[in-house]
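Participant: I have a structure I would like to understand better, so I am pasting it below and will then ask my questions one at a time.
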Amino acid sequence: MSSSISSSISSSMSSSMSSSMSSSMSSSQPSSKHNVALFAFAFIGLIWGSNFIFMKLAAAHISPMQIVFVRVFFGFVPVAIVALVTKSLSLAHLKHWPHFFAMGLLATVIYYFGFAKGTSLLNSGIAGAISGAIPLFSLVAALLFLKEERVTKWKLIGTGLGFIGVFMLARPFDNQVDARTLSGVTYMMLGSFSVGVSFVYAKRFISPLKLSPLALTTYQLGAGLVVLACVTDFTGISHLANDTTALVSSIFGLGLLGTGVAYLCYYYIIEHLGALVASSATYVPPVVALAIGALLVGEPIVLRDYAATALILAAVAVVAIANKYQLTKT
């Protein structure tokens with residue numbers, strides 16, 4: 001009887017501890033993923049903001065399309081190697097190739113070319129500021145195509161505040177708008193529109209495929225690289241080697257970090273925080289680009305720029321809080 005009671009108590013305690021541990025692990029796992037997604041959010045904001053000075057350095061030696069090719073090539077190669085080593089790729093995945101090429105065009109070729117061309121025509125601070133328009137396009141696309149991702153009043157307010165801050169940073173009334181400036185702004189808006197739509201496309205068509213972020217990144221960059229290999233004029237691309245700083249920043253800044261690692265973070269954020277929050281990471285690059293432009297290039301910063309920076313950060317907070325509140329309600 002004593003043995004039976006002891007066995008019963010032991011079984012009960014084991015079951016209770018197992019249940020408690022399982023409950024604790026299940027409750028901590030979402031929190032852990034949420035924290036990783038927030039870290040990825042910060043990383044994307046920082047590296048995308050730094051990319052404008054990297055593109056500016058490269059633009060002094062090679063064409064915008066060549067900049068994009070170098071960026072995608074050095075972003076694709078290490079990601080593909082890791083994907084092969086970890087056996088993340090499969091021939092069965094190729095049936096989704098139309099989606100991979102669509103993302104390759106939207107979030108790689110058109111996006112990067114628009115920003116590379118625009119940055120070559122503008123200073124880095126202005127180019128970085130205009131990049132903040134991305135969430136506007138993502139919001140419109142979400143309204144049109146994502147029924148499950150509700151756009152609340154506070155998300156609209158946050159997006160509006162972010163755009164006002166970007167507008168203030170761009171200082172459209174302080175400089176005479178010539179053909180070069182207009183062309184640069186147009187290219188930046190093209191890139192912003194393309195990647196904004198890609199956030200929603202990924203949420204609707206890519207995330208449901210349930211492929212690993214590593215596999216998705218590899219296929220998307222590979223598809224983009226194929227397109228770039230067909231349309232890029234490689235004449236004079238070796239001139240980039242004449243400037244060590246530009247060469248290193250293009251390979252590691254634009255390629256490895258700004259493309260390969262950033263895309264891994266990009267898919268992870270969409271999966272765990274949603275398309276609109278992922279797109280709101282693009283509020284941070286204008287601030288980073290402004291700081292780098294002032295410290296490294298000597299672009300002037302006035303009081304209005306600080307106010308605009310604070311407004312953008314407030315907009316990020318509004319969008320993030322609105323999304324968190326929506327998640328707790330569901």
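Labels for the structure tokens follow display order: chains A, B, ..., residues from 1 in each chain, ligands from 1.
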Set the distance at 10 Å and use only C-alpha atoms: which residues neighbour range 143-147 of chain A once local chain neighbours fewer than 5 positions away are removed? I'd like the list as number ranges by chain.

Facilitator: A: 137-138, 197, 200-201, 203-204, 275

Participant: Can you tell me, as an mmCIF file with all heavy atoms, in the first residue's frame, what residues are no more than 8 Å from Val318 in chain A when counting only C-alpha atoms, ignoring any on the same chain fewer than 2 positions away?

Facilitator:
```cif
data_model
loop_
_atom_site.group_PDB
_atom_site.id
_atom_site.type_symbol
_atom_site.label_atom_id
_atom_site.label_comp_id
_atom_site.auth_asym_id
_atom_site.auth_seq_id
_atom_site.Cartn_x
_atom_site.Cartn_y
_atom_site.Cartn_z
ATOM 1 N N TRP A 154 -5.348 53.725 -35.321
ATOM 2 C CA TRP A 154 -4.038 54.112 -34.806
ATOM 3 C C TRP A 154 -2.899 53.738 -35.744
ATOM 4 O O TRP A 154 -1.870 54.406 -35.783
ATOM 5 C CB TRP A 154 -3.824 53.500 -33.423
ATOM 6 C CG TRP A 154 -4.644 54.196 -32.382
ATOM 7 C CD1 TRP A 154 -5.771 53.727 -31.772
ATOM 8 C CD2 TRP A 154 -4.430 55.520 -31.884
ATOM 9 N NE1 TRP A 154 -6.269 54.676 -30.917
ATOM 10 C CE2 TRP A 154 -5.468 55.784 -30.950
ATOM 11 C CE3 TRP A 154 -3.471 56.502 -32.124
ATOM 12 C CZ2 TRP A 154 -5.565 56.991 -30.263
ATOM 13 C CZ3 TRP A 154 -3.562 57.704 -31.435
ATOM 14 C CH2 TRP A 154 -4.588 57.942 -30.521
ATOM 15 N N LYS A 155 -3.076 52.662 -36.516
ATOM 16 C CA LYS A 155 -2.073 52.335 -37.532
ATOM 17 C C LYS A 155 -2.057 53.399 -38.626
ATOM 18 O O LYS A 155 -1.000 53.776 -39.136
ATOM 19 C CB LYS A 155 -2.354 50.954 -38.134
ATOM 20 C CG LYS A 155 -2.003 49.799 -37.216
ATOM 21 C CD LYS A 155 -2.246 48.465 -37.892
ATOM 22 C CE LYS A 155 -1.881 47.315 -36.966
ATOM 23 N NZ LYS A 155 -2.119 46.002 -37.590
ATOM 24 N N ILE A 157 -2.951 56.533 -38.172
ATOM 25 C CA ILE A 157 -2.365 57.736 -37.563
ATOM 26 C C ILE A 157 -0.845 57.621 -37.515
ATOM 27 O O ILE A 157 -0.120 58.560 -37.851
ATOM 28 C CB ILE A 157 -2.930 57.947 -36.144
ATOM 29 C CG1 ILE A 157 -4.407 58.347 -36.220
ATOM 30 C CG2 ILE A 157 -2.136 59.020 -35.397
ATOM 31 C CD1 ILE A 157 -5.100 58.446 -34.876
ATOM 32 N N GLY A 158 -0.349 56.450 -37.094
ATOM 33 C CA GLY A 158 1.093 56.236 -37.044
ATOM 34 C C GLY A 158 1.749 56.365 -38.401
ATOM 35 O O GLY A 158 2.804 57.003 -38.544
ATOM 36 N N ALA A 314 8.172 58.407 -32.974
ATOM 37 C CA ALA A 314 6.848 58.337 -32.357
ATOM 38 C C ALA A 314 5.906 57.513 -33.224
ATOM 39 O O ALA A 314 5.078 56.739 -32.719
ATOM 40 C CB ALA A 314 6.292 59.743 -32.154
ATOM 41 N N ALA A 315 6.025 57.671 -34.533
ATOM 42 C CA ALA A 315 5.183 56.915 -35.466
ATOM 43 C C ALA A 315 5.459 55.421 -35.360
ATOM 44 O O ALA A 315 4.538 54.599 -35.396
ATOM 45 C CB ALA A 315 5.433 57.398 -36.902
ATOM 46 N N VAL A 316 6.739 55.059 -35.228
ATOM 47 C CA VAL A 316 7.113 53.646 -35.059
ATOM 48 C C VAL A 316 6.447 53.088 -33.801
ATOM 49 O O VAL A 316 5.898 51.983 -33.809
ATOM 50 C CB VAL A 316 8.645 53.494 -34.956
ATOM 51 C CG1 VAL A 316 9.011 52.056 -34.596
ATOM 52 C CG2 VAL A 316 9.302 53.888 -36.265
ATOM 53 N N ALA A 320 3.643 50.067 -33.628
ATOM 54 C CA ALA A 320 3.986 48.870 -32.865
ATOM 55 C C ALA A 320 2.987 48.612 -31.739
ATOM 56 O O ALA A 320 2.552 47.477 -31.528
ATOM 57 C CB ALA A 320 5.399 49.010 -32.296
ATOM 58 N N ILE A 321 2.610 49.664 -31.021
ATOM 59 C CA ILE A 321 1.653 49.517 -29.920
ATOM 60 C C ILE A 321 0.275 49.117 -30.447
ATOM 61 O O ILE A 321 -0.417 48.274 -29.863
ATOM 62 C CB ILE A 321 1.561 50.830 -29.109
ATOM 63 C CG1 ILE A 321 2.883 51.080 -28.373
ATOM 64 C CG2 ILE A 321 0.405 50.769 -28.109
ATOM 65 C CD1 ILE A 321 2.970 52.426 -27.701
ATOM 66 N N ALA A 322 -0.122 49.723 -31.571
ATOM 67 C CA ALA A 322 -1.415 49.379 -32.165
ATOM 68 C C ALA A 322 -1.461 47.916 -32.573
ATOM 69 O O ALA A 322 -2.460 47.226 -32.381
ATOM 70 C CB ALA A 322 -1.676 50.274 -33.378
#
```

Participant: Any chance you could list, as a ChimeraX atom specification, the residues in range 81-263 of chain A that come up alpha helix (DSSP H) when DSSP is run on the backbone?

Facilitator: /A:81-85,97-104,110-121,124-130,134-145,153-170,179-201,213-231,244-248,262-263

Participant: Counting only C-alpha atoms, which residues of range 198-271 of chain A sit at most 10 Å from some atom of range 45-68 of chain A, and what is each one's closest atom pair with its distance in Å to one decimal, listed by chain and rising residue number, as a tab-separated table?

Facilitator:
```
residue	atom	partner	partner_atom	distance
A:Gly224	CA	A:Val68	CA	9.9
A:Leu225	CA	A:Val68	CA	9.3
A:Leu228	CA	A:Met65	CA	8.0
A:Ala229	CA	A:Gln66	CA	9.8
A:Val231	CA	A:Met65	CA	8.4
A:Thr232	CA	A:Met65	CA	6.0
A:Asp233	CA	A:Gln66	CA	7.3
A:Phe234	CA	A:Gln66	CA	6.7
A:Thr235	CA	A:Ile62	CA	9.0
A:Gly236	CA	A:Ile62	CA	6.8
A:Ile237	CA	A:Ile62	CA	5.7
A:Ser238	CA	A:Ile62	CA	8.2
A:His239	CA	A:His61	CA	5.8
A:Leu240	CA	A:His61	CA	5.5
A:Ala241	CA	A:His61	CA	8.8
A:Asn242	CA	A:His61	CA	8.2
A:Asp243	CA	A:His61	CA	8.2
A:Thr245	CA	A:Leu57	CA	7.9
A:Ala246	CA	A:Ala58	CA	5.3
A:Leu247	CA	A:Ala58	CA	7.3
A:Val248	CA	A:Phe54	CA	9.2
A:Ser249	CA	A:Phe54	CA	5.7
A:Ser250	CA	A:Phe54	CA	6.2
A:Ile251	CA	A:Phe54	CA	9.7
A:Phe252	CA	A:Phe54	CA	9.8
A:Gly253	CA	A:Asn51	CA	6.7
A:Leu254	CA	A:Asn51	CA	6.1
A:Gly255	CA	A:Val68	CA	9.1
A:Leu257	CA	A:Ile47	CA	7.1
A:Gly258	CA	A:Ile47	CA	5.8
A:Thr259	CA	A:Trp48	CA	9.2
A:Val261	CA	A:Ile47	CA	9.8
A:Ala262	CA	A:Ile47	CA	7.8
```

Participant: Can you work out which one of A:Leu214, A:Ala310, A:Ala289, A:Ala102 has the shortest atom-to-atom distance to Ile81 in chain A, counting only C-alpha atoms?

Facilitator: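 That would be A:Leu214, the residue with the smallest distance to Ile81 in chain A.
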
Participant: Report, in Å to a single decimal, how far apart CA of His34 in chain A and CA of Ile292 in chain A are.

Facilitator: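 Value for the CA of Ile292 in chain A-CA of His34 in chain A distance: 29.1 Å.
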
Participant: Have a look at A:Gly118, A:Pro78, A:Pro98, A:Pro300 and name the one nearest to Thr181 in chain A; count only C-alpha atoms.

Facilitator: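 The closest residue to Thr181 in chain A is A:Gly118.
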
Participant: Please report the interatomic distance between CA of Ala317 in chain A and CA of Ala281 in chain A in Å with one decimal.

Facilitator: 10.8 Å

Participant: Considering only C-alpha atoms, state which residue in the set A:Asn323, A:Ser212, A:Thr152, A:Ser207 is at the smallest distance from Lys87 in chain A.

Facilitator: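 Answer, going by the shortest atom-to-atom distance: A:Ser212.
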
Participant: What is the distance, in Å and to one decimal place, between CA of His99 in chain A and CA of Leu209 in chain A?

Facilitator: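 Distance between the two atoms: 10.1 Å.
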
Participant: Pick the closest to Met188 in chain A from A:Ala133, A:Ala308, A:Leu91, A:Ile301: which is it, counting only C-alpha atoms?

Facilitator: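 Of the candidates, the smallest distance to Met188 in chain A is held by A:Ala133.
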
Participant: If we count only C-alpha atoms and set the cut-off at 8 Å, which residues sit around Cys265 in chain A, ignoring sequence neighbours fewer than 4 positions away in its own chain? Please answer as a list of chain:residue names.

Facilitator: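 After dropping sequence-adjacent residues, the list is A:Ala37, A:Ala40, A:Phe41, A:Ile44, A:Val261, A:Ile269.
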
Participant: Extract, using only C-alpha atoms, all DNA, RNA and protein residues at most 7 Å from Leu89 in chain A, discarding same-chain residues fewer than 4 positions from it, and format them as a list in words.

Facilitator: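 The neighbour list is Ala83, Leu84 and Ala215 of chain A.
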
Participant: Using N, CA and C atoms, can you write the selected residues to a file as a compact mmCIF listing (two decimals), in the first residue's frame?

Facilitator:
```txt
# COMPACT_ATOMS: atom_id res chain seq x y z
N ALA A 83 22.20 27.48 -47.07
CA ALA A 83 20.98 26.73 -47.39
C ALA A 83 21.31 25.32 -47.87
N LEU A 84 22.35 25.20 -48.66
CA LEU A 84 22.76 23.89 -49.16
C LEU A 84 23.33 23.02 -48.04
N ALA A 215 15.35 29.11 -47.03
CA ALA A 215 15.01 28.65 -48.38
C ALA A 215 14.36 29.77 -49.19
```

Participant: Identify, on the basis of only C-alpha atoms, every residue whose closest approach to Val79 in chain A does not exceed 7 Å; exclude the query and any residue fewer than 4 positions from it along the same chain; express the result as a ChimeraX atom specification.

Facilitator: /A:75,83,218,260
